[in-house]
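Comments concern the structure below.
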Amino acid sequence: MARGSSVPPPAAALLDLETRAGPSDHAALRVWLRLLATTNLIEKRVRRKLEDQFDTTLPRFDLMAQLHRAPDGLKMSELSKRMMVSGGNVTGIADSLERDGMIRRIPDPRDGRASLLRLTESGRRQFRAMADRHERWIIEVFAELGDREITELAALLARLKTSARGLEDQEVDR
């Protein structure tokens, strides 16, 4: 129950990916499911806040973030790789952002058949406003952890990521 409340939390609050594992399951599996559940909760919050405060979606924000990091522009294929989504998904998001004046397509000077996507000035302003809020939302989520705990968590996750990448590289090399 919530502190100071006699009302139990909603059933949905108790049911998430972490409930798939029990005490007899390996600790690594329980931690994996806790990571997934936590990621899903944070992502759900960010999605809702982007919608409520900016009338936009997380995929639109993500595409704009990629273009913000590449002021000279990116090809659709590069955006697709960076966002880890299909080209069709990127095209739909890009078309929507272009209609809203947030991005523009320009001819690629190195490849006359291709276009580059770039943020417009309006898109840059909008993205900076969203990115500032996004950072605050993430800081709020981590507020229960101290600076040292955040640093330790980042180091542990970096080790885990390196391990996972190494296993993936071994699979590809086979």
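Ligands are numbered from 1 in the order shown, residues from 1 within each chain, and chains are lettered A, B, ... in the order they appear in the structure tokens.
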- prompt: Tell me, which residues of region 39-174 of chain A carry DSSP strand (DSSP E), written as a PyMOL selection string?
  reply: chain A and resi 103-108+111-119
- prompt: Which of these residues is nearest to Met130 (chain A), using only C-alpha atoms: A:Val90, A:Met64, A:Leu153, A:Leu41?
  reply: A:Met64
- request: For Arg136 (chain A), please output as number ranges by chain all residues within 12 Å (counting only C-alpha atoms; exclusion window: fewer than 6 positions along the same chain).
  value: A: 46, 49, 129-130, 142-143
message: For the helix (DSSP H, G or I) assignment from backbone DSSP, which residues of chain A qualify? Please present them as a count of residues only.
response: 119
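Coordinates place CA of Leu63 (chain A) at a distance of 24.7 Å from CA of Leu157 (chain A).
Between CA of Thr57 (chain A) and CA of Thr39 (chain A) the separation is 16.9 Å.
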task: Could you please determine the separation between CA of Arg99 (chain A) and CA of Thr120 (chain A) in Å, to one decimal place?
output: 11.7 Å
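Minimum atom-to-atom distances from A:Arg30, A:Glu78, A:Gly73, A:Phe127 to Arg105 (chain A) were compared using only C-alpha atoms, and the lowest value belongs to A:Gly73.
Contact shell of Pro107 (chain A) at 12 Å (only C-alpha atoms; same-chain neighbours under 4 positions omitted): A:Asp72, A:Gly73, A:Leu74, A:Lys75, A:Asp111, A:Gly112, A:Arg113, A:Ala114, A:Ser115, A:Leu116, A:Leu117, A:Arg118.
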field: Surrounding residues of Gly101 (chain A) excluding itself and chain neighbours under 2 positions, 10 Å, only C-alpha atoms, as an MDAnalysis selection string
entry: chainID A and resid 95:99 103:104 119:123
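Nearest to Gln53 (chain A) of all the residues A:Gln126, A:Gln170, A:Thr151, A:Ser24 is A:Gln126, counting only C-alpha atoms.
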